[in-house]
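Q: My file is target_16.txt. It has compact mmCIF, C-alpha atoms and all ligand atoms:
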# COMPACT_ATOMS: atom_id res chain seq x y z
CA MET A 363 1.06 -274.06 46.11
CA SER A 364 3.33 -275.62 48.60
CA LYS A 365 1.20 -274.69 51.58
CA GLU A 366 -1.94 -276.51 52.55
CA PHE A 367 -4.42 -276.40 55.36
CA ASN A 368 -3.37 -278.81 58.10
CA HIS A 369 -6.75 -280.10 59.26
CA ILE A 370 -5.18 -282.67 61.59
CA ARG A 371 -3.39 -279.99 63.58
CA ALA A 372 -6.45 -277.74 63.48
CA TRP A 373 -8.60 -280.55 64.82
CA HIS A 374 -6.24 -281.29 67.70
CA GLU A 375 -5.45 -277.68 68.57
CA LEU A 376 -8.80 -275.94 67.96
CA ALA A 377 -11.80 -278.21 67.51
CA LYS A 378 -11.03 -280.95 70.04
CA PRO A 379 -10.28 -278.65 73.00
CA ALA A 380 -13.26 -276.43 72.14
CA VAL A 381 -15.66 -279.38 72.13
CA GLU A 382 -14.14 -280.87 75.28
CA ASN A 383 -14.51 -277.51 77.03
CA PHE A 384 -18.18 -277.00 76.23
CA ASN A 385 -20.15 -276.03 79.34
CA GLU A 386 -22.56 -278.50 80.98
CA LYS A 387 -25.57 -277.00 79.21
CA GLN A 388 -23.94 -277.35 75.79
CA LYS A 389 -22.87 -280.95 76.54
CA GLU A 390 -26.39 -281.87 77.65
CA VAL A 391 -27.92 -280.43 74.51
CA ILE A 392 -25.56 -282.44 72.30
CA SER A 393 -26.17 -285.69 74.22
CA GLU A 394 -29.92 -285.24 73.97
CA LEU A 395 -29.88 -284.31 70.28
CA ILE A 396 -27.66 -287.12 69.02
CA PRO A 397 -30.21 -289.94 69.42
CA LEU A 398 -32.86 -287.79 67.70
CA ILE A 399 -31.01 -286.76 64.57
CA GLY A 400 -29.27 -289.81 63.11
CA GLU A 401 -31.93 -290.54 60.51
CA LEU A 402 -32.91 -286.96 59.72
CA HIS A 403 -31.97 -285.51 56.36
CA GLN A 404 -31.81 -282.04 54.86
CA GLN A 405 -35.06 -280.83 53.40
CA GLY A 406 -36.41 -277.96 51.40
CA LYS A 407 -34.63 -275.47 49.24
CA ASP A 408 -32.68 -274.03 52.17
CA LEU A 409 -31.30 -277.50 53.00
CA THR A 410 -32.16 -277.52 56.66
CA ILE A 411 -32.61 -280.43 59.05
CA PRO A 412 -36.25 -280.62 60.22
CA ILE A 413 -36.57 -279.68 63.89
CA SER A 414 -39.33 -281.35 65.92
CA PRO A 415 -41.03 -279.56 68.83
CA ALA A 416 -39.11 -281.84 71.24
CA MET A 417 -35.84 -280.75 69.63
CA TRP A 418 -36.78 -277.06 69.82
CA GLU A 419 -37.38 -277.54 73.53
CA ILE A 420 -33.86 -278.91 73.94
CA ILE A 421 -32.04 -276.27 71.92
CA GLU A 422 -33.92 -273.25 73.26
CA ARG A 423 -32.06 -273.81 76.56
CA LEU A 424 -28.92 -272.35 75.00
CA ASP A 425 -28.34 -268.65 74.85
CA THR A 426 -27.23 -267.19 71.55
CA ILE A 427 -23.51 -267.15 72.22
CA GLU A 428 -23.56 -270.74 73.51
CA ALA A 429 -25.38 -271.85 70.37
CA ALA A 430 -22.99 -269.96 68.06
CA GLN A 431 -19.88 -271.35 69.76
CA LEU A 432 -21.37 -274.82 69.71
CA SER A 433 -22.19 -274.59 66.01
CA GLN A 434 -18.72 -273.40 65.00
CA ALA A 435 -16.88 -275.98 67.10
CA ILE A 436 -19.02 -279.04 66.47
CA TYR A 437 -19.03 -278.48 62.72
CA MET A 438 -15.23 -278.38 62.60
CA TYR A 439 -15.00 -281.27 65.08
CA GLY A 440 -16.70 -283.43 62.46
CA HIS A 441 -15.25 -281.78 59.37
CA TRP A 442 -11.58 -281.80 60.39
CA TYR A 443 -11.59 -285.18 62.17
CA PRO A 444 -8.41 -286.95 61.06
CA GLY A 445 -10.18 -290.31 60.66
CA LYS A 446 -8.60 -292.02 63.65
CA GLY A 447 -8.24 -291.47 67.35
CA PRO A 448 -10.84 -291.30 70.11
CA ARG A 449 -13.70 -288.79 69.91
CA ILE A 450 -16.16 -287.93 72.63
CA TYR A 451 -18.89 -287.71 69.98
CA PRO A 452 -18.40 -290.42 67.37
CA SER A 453 -20.30 -289.49 64.25
CA GLN A 454 -21.82 -292.12 61.96
CA ASN A 455 -24.50 -290.23 60.10
CA GLY A 456 -23.11 -286.73 59.94
CA GLU A 457 -24.36 -285.93 63.44
CA MET A 458 -21.82 -283.14 63.88
CA TRP A 459 -22.87 -281.05 60.90
CA LYS A 460 -26.51 -281.85 61.60
CA ILE A 461 -26.18 -280.33 65.09
CA SER A 462 -24.44 -277.32 63.56
CA ASN A 463 -27.28 -277.01 61.02
CA ILE A 464 -29.86 -277.10 63.82
CA MET A 465 -27.95 -274.49 65.84
CA ASP A 466 -27.81 -272.22 62.80
CA GLN A 467 -31.59 -272.45 62.45
CA LEU A 468 -31.95 -271.48 66.11
CA LEU A 469 -29.62 -268.52 65.59
CA ARG A 470 -31.49 -267.38 62.46
CA LYS A 471 -34.76 -267.47 64.37
CA ARG A 472 -33.31 -265.57 67.35
CA LEU A 473 -31.64 -262.90 65.24
CA GLY A 474 -34.57 -262.24 62.93
CA PHE A 475 -33.32 -263.80 59.70
CA PRO A 476 -33.53 -263.72 56.71
CA LYS A 477 -31.73 -260.40 56.30
CA SER A 478 -30.27 -258.87 53.19
CA ARG A 479 -26.47 -259.09 52.92
CA LEU A 480 -26.11 -261.42 55.95
CA GLU A 481 -26.19 -265.19 56.35
CA ILE A 482 -25.49 -267.53 59.25
CA HIS A 483 -23.50 -270.71 58.73
CA GLU A 484 -21.59 -272.80 61.25
CA GLY A 485 -22.49 -270.33 63.98
CA LYS A 486 -20.93 -267.38 62.14
CA PHE A 487 -22.13 -264.34 60.26
CA ARG A 488 -21.22 -264.08 56.61
CA VAL A 489 -21.53 -260.80 54.81
CA THR A 490 -22.40 -261.37 51.16
CA PHE A 491 -22.36 -259.46 47.92
CA SER A 492 -23.92 -260.57 44.68
CA ASN A 493 -24.72 -259.24 41.26
CA LYS A 494 -25.32 -261.08 38.01
CA ASN A 495 -21.63 -261.95 37.58
CA ASN A 496 -20.43 -262.41 41.11
CA TRP A 497 -21.27 -263.93 44.43
CA ILE A 498 -18.79 -263.32 47.23
CA TRP A 499 -18.95 -263.68 50.96
CA LYS A 500 -16.76 -263.63 54.02
CA GLU A 501 -17.24 -264.70 57.64
CA PHE A 502 -16.50 -262.09 60.24
CA ALA A 503 -17.89 -262.98 63.68
CA LEU A 504 -20.01 -265.34 65.77
CA ALA A 505 -23.73 -264.92 65.10
CA THR A 506 -24.78 -263.07 68.26
CA GLU A 507 -26.97 -260.05 69.06
CA LYS A 508 -23.94 -257.98 69.97
CA ASN A 509 -22.13 -258.73 66.72
CA LEU A 510 -25.26 -258.06 64.67
CA GLU A 511 -25.33 -254.62 66.18
CA ALA A 512 -21.62 -254.17 65.52
CA PHE A 513 -22.25 -255.03 61.86
CA GLU A 514 -25.26 -252.76 61.52
CA THR A 515 -23.48 -249.79 63.07
CA CYS A 516 -20.02 -250.25 61.56
CA ASN A 517 -20.54 -247.86 58.62
CA LEU A 518 -18.22 -249.90 56.39
CA PRO A 519 -19.15 -250.56 52.76
CA PHE A 520 -19.32 -254.20 51.63
CA GLY A 521 -19.31 -253.88 47.86
CA GLN A 522 -17.64 -256.04 45.26
CA ASP A 523 -14.24 -254.44 45.87
CA SER A 524 -14.53 -253.59 49.55
CA LEU A 525 -16.16 -256.68 51.04
CA GLU A 526 -13.03 -258.74 51.60
CA LYS A 527 -11.09 -255.87 53.14
CA ASN A 528 -13.83 -254.53 55.38
CA ALA A 529 -15.01 -257.94 56.54
CA THR A 530 -11.42 -258.60 57.60
CA ILE A 531 -11.36 -255.30 59.51
CA LEU A 532 -14.60 -256.17 61.27
CA LYS A 533 -13.38 -259.70 61.98
CA LYS A 534 -10.22 -258.39 63.64
CA ARG A 535 -12.17 -255.74 65.56
CA ILE A 536 -14.61 -258.29 67.01
CA ASN A 537 -12.07 -261.10 67.17
CA ASP A 538 -14.27 -263.99 68.29
CA ILE A 539 -14.06 -266.56 65.46
CA TRP A 540 -11.25 -268.99 64.87
CA ASP A 541 -8.20 -267.86 63.00
CA THR A 542 -7.54 -270.78 60.69
CA ASP A 543 -4.69 -269.11 58.75
CA GLN A 544 -2.28 -270.31 61.42
CA PHE A 545 -2.88 -273.87 60.21
CA MET A 546 -1.60 -273.29 56.71
CA ASP A 547 1.42 -275.55 56.90
CA HIS A 548 4.21 -276.34 54.60
CA LYS A 549 3.30 -279.39 52.56
CA GLU A 550 5.54 -282.36 53.15
CA GLY A 551 7.78 -283.32 50.26
CA THR A 552 7.68 -279.90 48.61
CA ASN A 553 10.19 -277.11 48.91
CA PRO A 554 9.28 -273.73 50.32
CA ASP A 555 8.44 -271.23 47.61
CA ASP A 556 10.08 -267.80 47.42
CA ASP A 557 7.49 -266.15 49.65
CA GLU A 558 7.93 -268.79 52.30
CA LEU A 559 11.72 -268.44 52.10
CA LYS A 560 11.26 -264.71 52.58
CA ASP A 561 9.32 -265.41 55.80
CA ILE A 562 11.87 -267.93 57.02
CA PHE A 563 14.79 -265.52 56.56
CA SER A 564 12.81 -262.55 57.86
CA SER A 565 12.24 -264.35 61.13
CA ILE A 566 16.00 -264.64 61.62
CA LEU A 567 17.22 -261.32 60.23
CA SER A 568 14.47 -258.90 61.15
CA SER A 569 16.32 -257.16 63.98
CA GLU A 570 18.83 -255.66 61.51
CA PHE A 571 17.52 -256.24 58.00
CA THR A 572 14.30 -256.19 56.03
CA VAL A 573 14.02 -259.11 53.62
CA VAL A 574 12.67 -257.43 50.49
CA LYS A 575 12.28 -260.68 48.59
CA VAL A 576 13.84 -263.96 47.61
CA THR A 577 14.16 -264.05 43.86
CA ASN A 578 16.03 -265.30 40.82
CA VAL A 579 18.59 -263.04 39.15
CA ASN A 580 21.26 -263.28 36.44
CA TYR A 581 19.27 -265.36 33.99
CA ASP A 582 21.42 -267.00 31.32
CA PRO A 583 20.57 -266.67 28.48
CA HIS A 584 17.12 -265.44 29.62
CA ILE A 585 14.11 -266.48 31.70
CA PRO A 586 12.94 -269.79 30.17
CA VAL A 587 9.58 -269.42 28.50
CA VAL A 588 7.12 -272.27 28.92
CA GLY A 589 4.67 -272.27 26.03
CA ILE A 590 3.11 -274.33 23.28
CA LYS A 591 6.39 -276.11 22.40
CA ALA A 592 6.78 -277.34 25.98
CA MET A 593 3.12 -278.40 26.13
CA LYS A 594 3.46 -280.42 22.92
CA HIS A 595 6.66 -282.00 24.25
CA SER A 596 4.91 -283.25 27.36
CA THR A 597 2.97 -286.51 27.17
CA SER A 598 2.00 -286.72 30.83
CA GLY A 599 0.85 -283.14 31.33
CA ILE A 600 3.87 -282.50 33.53
CA ILE A 601 6.40 -280.14 32.01
CA GLY A 602 9.92 -281.27 32.87
CA GLY A 603 13.33 -279.67 32.50
CA ASP A 604 13.89 -281.45 29.19
CA ALA A 605 10.98 -279.60 27.52
CA PRO A 606 12.00 -276.91 25.00
CA CYS A 607 11.93 -273.18 25.76
CA GLU A 608 9.40 -271.30 23.65
CA GLN A 609 11.87 -268.53 22.91
CA CYS A 610 15.10 -270.34 21.96
CA GLY A 611 14.17 -274.00 21.67
CA GLN A 612 16.89 -275.07 24.12
CA ARG A 613 16.05 -277.33 27.06
CA ILE A 614 14.42 -275.44 29.92
CA ASP A 615 16.94 -276.82 32.39
CA SER A 616 19.85 -275.45 30.31
CA HIS A 617 18.69 -271.94 31.27
CA THR A 618 20.38 -270.90 34.49
CA SER A 619 19.92 -268.26 37.12
CA GLN A 620 20.91 -267.54 40.67
CA LYS A 621 18.60 -267.29 43.61
CA VAL A 622 19.34 -264.51 46.06
CA ILE A 623 17.94 -262.91 49.17
CA ILE A 624 17.46 -259.19 48.68
CA LEU A 625 18.00 -257.26 51.90
CA LYS A 626 17.62 -253.71 53.08
CA PHE A 627 19.25 -252.25 56.17
CA LYS A 628 16.75 -251.41 58.87
CA LYS A 629 18.96 -248.43 59.63
CA GLU A 630 21.09 -247.27 56.70
CA PRO A 631 24.82 -247.39 57.69
CA GLU A 632 26.56 -244.02 57.76
CA GLY A 633 29.94 -242.92 56.46
CA GLU A 634 31.90 -243.09 53.23
CA LYS A 635 32.78 -246.76 53.46
CA PRO A 636 29.98 -248.29 55.50
CA GLU A 637 30.85 -251.50 57.29
CA PHE A 638 28.71 -254.16 58.82
CA THR A 639 28.49 -254.05 62.58
CA GLU A 640 29.58 -257.16 64.49
CA VAL A 641 25.94 -257.99 65.17
CA GLN A 642 25.12 -257.77 61.47
CA LYS A 643 28.10 -259.96 60.53
CA GLU A 644 27.05 -262.61 63.03
CA LEU A 645 23.48 -262.56 61.78
CA LEU A 646 24.53 -262.96 58.15
CA LYS A 647 26.90 -265.77 59.07
CA SER A 648 24.11 -267.52 60.96
CA ILE A 649 22.01 -268.05 57.81
CA ASP A 650 24.81 -269.74 55.89
CA GLU A 651 23.66 -273.33 56.44
CA LEU A 652 20.04 -272.45 55.82
CA MET A 653 20.99 -270.81 52.52
CA LYS A 654 22.83 -273.95 51.41
CA LEU A 655 19.89 -276.10 52.45
CA HIS A 656 17.52 -274.06 50.28
CA LYS A 657 20.03 -273.74 47.43
CA LEU A 658 20.39 -270.00 47.62
CA ASP A 659 23.36 -268.49 45.85
CA GLY A 660 23.83 -265.22 47.64
CA ILE A 661 22.67 -262.04 49.30
CA ALA A 662 22.11 -258.72 47.55
CA PHE A 663 21.47 -255.34 49.15
CA THR A 664 19.15 -252.68 47.98
CA LYS A 665 18.39 -249.18 49.22
ZN ZN B 701 15.22 -270.05 26.04
Taking this structure as input, can you express it in the form of structure tokens?
Ligand SMILES: [Zn+2]
A:
Amino acid sequence: MSKEFNHIRAWHELAKPAVENFNEKQKEVISELIPLIGELHQQGKDLTIPISPAMWEIIERLDTIEAAQLSQAIYMYGHWYPGKGPRIYPSQNGEMWKISNIMDQLLRKRLGFPKSRLEIHEGKFRVTFSNKNNWIWKEFALATEKNLEAFETCNLPFGQDSLEKNATILKKRINDIWDTDQFMDHKEGTNPDDDELKDIFSSILSSEFTVVKVTNVNYDPHIPVVGIKAMKHSTSGIIGGDAPCEQCGQRIDSHTSQKVIILKFKKEPEGEKPEFTEVQKELLKSIDELMKLHKLDGIAFTK
């Protein structure tokens, strides 16, 4: 994997502004809770922070949506913190996740939990599926009355094979929890993989061409096969180019291939001898440097 979650960017772009933009009621609740929770620890089999009557009095001031937003944001504010830089709520004893844990308990109480198939964590609903071999779950919305109703009336199945897909549909339909996919960044010091190259070239060429894929072709003598021989060759656990191919015994790096971008015309050119339009020529010329940079050998067209 050459992509990884960029928690530093997510903290600065999502968590920090969300926490700084809490309303006055939310800010008050946090300020009043912090001195009360430092020494508290999770208890019981459901791993909750014990809530005293005084604490209930403080948190009951929030309505459900305020509590859910607070739980989501404060949890990530602590979890993604890059380790340096000023914070409005410095956390020494896990105060951020403790507040989130307390908010989740408030939400569970308000929304009549426990319920089958649903859980609340970090201010969000998770739909779950389990049988004796599997336990899967996916978040889909903030834990509010309105979203509970949306879940209960959605008529979507959430079985072993449908949970992921339908939770994603519901998540998009409701659209009120953070989209963290946008913080999957290219990892420094690694090269983009073929899928990432496909995205890079798509973003440039998409007006005229569909990038079908970026792939290796013309293997000589064949695709190198990494197997037992290569494993035995390696002393460090890292298989290098000097390890032998399972199929022919030659060094892996003596096997060659070319990497190409496979394109399709958006609109198939007409005529006996189709020619590129000027716009298409310019576009293809414009990726020349980028192809060299990523060591691509050529472009191929497919129907
Ligand atoms: Zn070979």
Q: List as JSON lines every residue of chain A that is in contact with ligand ZN 701 (chain B), defined as an atom at most 10 Å from one of its atoms (using all atoms listed in the file), together with the nearest atom pair and the distance in Å rounded to one decimal, sorted by chain and then rising number.
A:
{"residue": "A:Asp582", "atom": "CA", "partner": "B:ZN701", "partner_atom": "ZN", "distance": 8.7}
{"residue": "A:Pro583", "atom": "CA", "partner": "B:ZN701", "partner_atom": "ZN", "distance": 6.8}
{"residue": "A:His584", "atom": "CA", "partner": "B:ZN701", "partner_atom": "ZN", "distance": 6.1}
{"residue": "A:Ile585", "atom": "CA", "partner": "B:ZN701", "partner_atom": "ZN", "distance": 6.8}
{"residue": "A:Pro586", "atom": "CA", "partner": "B:ZN701", "partner_atom": "ZN", "distance": 4.7}
{"residue": "A:Val587", "atom": "CA", "partner": "B:ZN701", "partner_atom": "ZN", "distance": 6.2}
{"residue": "A:Val588", "atom": "CA", "partner": "B:ZN701", "partner_atom": "ZN", "distance": 8.9}
{"residue": "A:Pro606", "atom": "CA", "partner": "B:ZN701", "partner_atom": "ZN", "distance": 7.6}
{"residue": "A:Cys607", "atom": "CA", "partner": "B:ZN701", "partner_atom": "ZN", "distance": 4.5}
{"residue": "A:Glu608", "atom": "CA", "partner": "B:ZN701", "partner_atom": "ZN", "distance": 6.4}
{"residue": "A:Gln609", "atom": "CA", "partner": "B:ZN701", "partner_atom": "ZN", "distance": 4.8}
{"residue": "A:Cys610", "atom": "CA", "partner": "B:ZN701", "partner_atom": "ZN", "distance": 4.1}
{"residue": "A:Gly611", "atom": "CA", "partner": "B:ZN701", "partner_atom": "ZN", "distance": 6.0}
{"residue": "A:Gln612", "atom": "CA", "partner": "B:ZN701", "partner_atom": "ZN", "distance": 5.6}
{"residue": "A:Arg613", "atom": "CA", "partner": "B:ZN701", "partner_atom": "ZN", "distance": 7.4}
{"residue": "A:Ile614", "atom": "CA", "partner": "B:ZN701", "partner_atom": "ZN", "distance": 6.7}
{"residue": "A:Asp615", "atom": "CA", "partner": "B:ZN701", "partner_atom": "ZN", "distance": 9.4}
{"residue": "A:Ser616", "atom": "CA", "partner": "B:ZN701", "partner_atom": "ZN", "distance": 8.3}
{"residue": "A:His617", "atom": "CA", "partner": "B:ZN701", "partner_atom": "ZN", "distance": 6.6}
{"residue": "A:Thr618", "atom": "CA", "partner": "B:ZN701", "partner_atom": "ZN", "distance": 9.9}
Q: In Å, how far is it from CA of Val622 in chain A to CA of Lys575 in chain A?
A: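 Atom-to-atom, CA of Val622 in chain A to CA of Lys575 in chain A, that is 8.4 Å.
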Q: Just checking: using only C-alpha atoms, which residue out of A:Asn580, A:Asn517, A:Gln544, A:Gln467 ends up closest to Ile421 in chain A?
A: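 Ranking A:Asn580, A:Asn517, A:Gln544, A:Gln467 by distance to Ile421 in chain A, first place goes to A:Gln467.
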Q: Give the answer as one residue: which of A:Lys629, A:His374, A:Arg423, A:Lys460 has the shortest atom-to-atom distance to Gln404 in chain A, using only C-alpha atoms?
A: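 The shortest atom-to-atom distance to Gln404 in chain A comes from A:Lys460.
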Q: Return the single residue from A:Leu504, A:Leu655, A:Leu625, A:Leu468 that is closest to Ile411 in chain A, with distances computed using only C-alpha atoms.
A: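 Among the listed residues, the smallest separation from Ile411 in chain A belongs to A:Leu468.
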Q: So, counting all atoms listed in the file, which residue among A:Asp650, A:Phe502, A:Trp442, A:Glu558 is closest to Arg371 in chain A?
A: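 Using all atoms listed in the file, Arg371 in chain A sits closest to A:Trp442.
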Q: What is the distance, in Å and to one decimal place, between CA of Pro444 in chain A and CA of Ile370 in chain A?
A: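 About the pair CA of Pro444 in chain A and CA of Ile370 in chain A: they are 5.4 Å apart.
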Q: For each of A:Val391, A:Ala377, A:Ile396, A:Leu525, take the minimum atom-to-atom distance to Glu501 in chain A, counting only C-alpha atoms, then give the residue where this is smallest.
A: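 Going through A:Val391, A:Ala377, A:Ile396, A:Leu525 one by one, the smallest distance to Glu501 in chain A is for A:Leu525.
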Q: Set the distance at 10 Å and use only C-alpha atoms: which residues neighbour Glu382 in chain A once local chain neighbours fewer than 5 positions away are removed? I'd like the list as a PDB file with C-alpha atoms, in the frame of the given file.
A:
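Output file result.pdb is given in full below:
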ATOM      1  CA  ALA A 377     -11.800-278.210  67.510  1.00  0.00           C
ATOM      2  CA  LYS A 389     -22.870-280.950  76.540  1.00  0.00           C
ATOM      3  CA  ALA A 435     -16.880-275.980  67.100  1.00  0.00           C
ATOM      4  CA  ARG A 449     -13.700-288.790  69.910  1.00  0.00           C
ATOM      5  CA  ILE A 450     -16.160-287.930  72.630  1.00  0.00           C
ATOM      6  CA  TYR A 451     -18.890-287.710  69.980  1.00  0.00           C
TER       7      TYR A 451
END
Q: Just give me the gap between CA of Phe520 in chain A and CA of Ser433 in chain A in Å, one decimal is fine.
A: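 Atom-to-atom, CA of Phe520 in chain A to CA of Ser433 in chain A, that is 25.1 Å.
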Q: Which residue, A:Glu401, A:Glu514, A:Glu428, A:Glu634, has the smallest gap to Gln454 in chain A when you use all atoms listed in the file?
A: A:Glu401
Q: Write out as number ranges by chain the residues lying within 10 Å of Ala529 in chain A, counting all atoms listed in the file and excluding same-chain residues fewer than 5 positions away.
A: A: 488-490, 499-503, 513, 518-520, 524, 534-535
Q: Would you be able to write out as a list of chain:residue names which residues have an atom within 10 Å of (5.0, -278.3, 20.8) in the file's coordinates, counting all atoms listed in the file?
A: A:Gly589, A:Ile590, A:Lys591, A:Ala592, A:Met593, A:Lys594, A:His595, A:Ser596, A:Ala605, A:Pro606, A:Cys607, A:Glu608
Q: Within 7 Å of (-25.2, -266.5, 68.6) in the file's own coordinates, which protein, DNA or RNA residues have an atom, counting only C-alpha atoms? List them as a PyMOL selection string.
A: chain A and resi 426-430+469+485+504-507
Q: Generate the missing atoms of range 502-525 of chain A up to N, CA and C atoms and report them as a CSV table (one decimal), keeping the file's coordinate frame.
A:
chain,number,residue,atom,x,y,z
A,502,PHE,N,-17.2,-263.1,59.4
A,502,PHE,CA,-16.5,-262.1,60.2
A,502,PHE,C,-16.7,-262.2,61.7
A,503,ALA,N,-17.7,-262.9,62.2
A,503,ALA,CA,-17.9,-263.0,63.7
A,503,ALA,C,-18.9,-264.1,64.0
A,504,LEU,N,-19.0,-264.4,65.3
A,504,LEU,CA,-20.0,-265.3,65.8
A,504,LEU,C,-21.4,-264.7,65.6
A,505,ALA,N,-22.4,-265.5,65.3
A,505,ALA,CA,-23.7,-264.9,65.1
A,505,ALA,C,-24.4,-264.6,66.4
A,506,THR,N,-24.2,-263.5,67.0
A,506,THR,CA,-24.8,-263.1,68.3
A,506,THR,C,-25.4,-261.7,68.1
A,507,GLU,N,-26.3,-261.4,69.1
A,507,GLU,CA,-27.0,-260.0,69.1
A,507,GLU,C,-26.0,-258.9,69.0
A,508,LYS,N,-24.9,-259.0,69.9
A,508,LYS,CA,-23.9,-258.0,70.0
A,508,LYS,C,-23.2,-257.8,68.6
A,509,ASN,N,-22.9,-258.9,68.0
A,509,ASN,CA,-22.1,-258.7,66.7
A,509,ASN,C,-23.0,-258.3,65.6
A,510,LEU,N,-24.3,-258.6,65.7
A,510,LEU,CA,-25.3,-258.1,64.7
A,510,LEU,C,-25.3,-256.5,64.8
A,511,GLU,N,-25.3,-256.1,66.0
A,511,GLU,CA,-25.3,-254.6,66.2
A,511,GLU,C,-24.0,-254.0,65.7
A,512,ALA,N,-22.9,-254.7,66.0
A,512,ALA,CA,-21.6,-254.2,65.5
A,512,ALA,C,-21.6,-254.1,64.0
A,513,PHE,N,-22.2,-255.1,63.3
A,513,PHE,CA,-22.2,-255.0,61.9
A,513,PHE,C,-23.1,-253.9,61.4
A,514,GLU,N,-24.3,-253.8,62.0
A,514,GLU,CA,-25.3,-252.8,61.5
A,514,GLU,C,-24.8,-251.3,61.8
A,515,THR,N,-23.9,-251.2,62.7
A,515,THR,CA,-23.5,-249.8,63.1
A,515,THR,C,-22.0,-249.5,62.6
A,516,CYS,N,-21.4,-250.4,61.9
A,516,CYS,CA,-20.0,-250.2,61.6
A,516,CYS,C,-19.7,-249.2,60.5
A,517,ASN,N,-20.7,-248.9,59.7
A,517,ASN,CA,-20.5,-247.9,58.6
A,517,ASN,C,-19.5,-248.2,57.6
A,518,LEU,N,-19.2,-249.5,57.4
A,518,LEU,CA,-18.2,-249.9,56.4
A,518,LEU,C,-19.0,-250.4,55.2
A,519,PRO,N,-18.5,-250.0,54.0
A,519,PRO,CA,-19.2,-250.6,52.8
A,519,PRO,C,-18.7,-252.0,52.5
A,520,PHE,N,-19.7,-252.8,52.0
A,520,PHE,CA,-19.3,-254.2,51.6
A,520,PHE,C,-19.7,-254.5,50.2
A,521,GLY,N,-19.1,-253.7,49.3
A,521,GLY,CA,-19.3,-253.9,47.9
A,521,GLY,C,-18.4,-254.9,47.3
A,522,GLN,N,-18.5,-255.0,46.0
A,522,GLN,CA,-17.6,-256.0,45.3
A,522,GLN,C,-16.1,-255.9,45.6
A,523,ASP,N,-15.7,-254.7,45.6
A,523,ASP,CA,-14.2,-254.4,45.9
A,523,ASP,C,-13.9,-254.2,47.3
A,524,SER,N,-14.9,-253.9,48.2
A,524,SER,CA,-14.5,-253.6,49.6
A,524,SER,C,-14.9,-254.7,50.6
A,525,LEU,N,-15.7,-255.7,50.1
A,525,LEU,CA,-16.2,-256.7,51.0
A,525,LEU,C,-15.0,-257.4,51.8
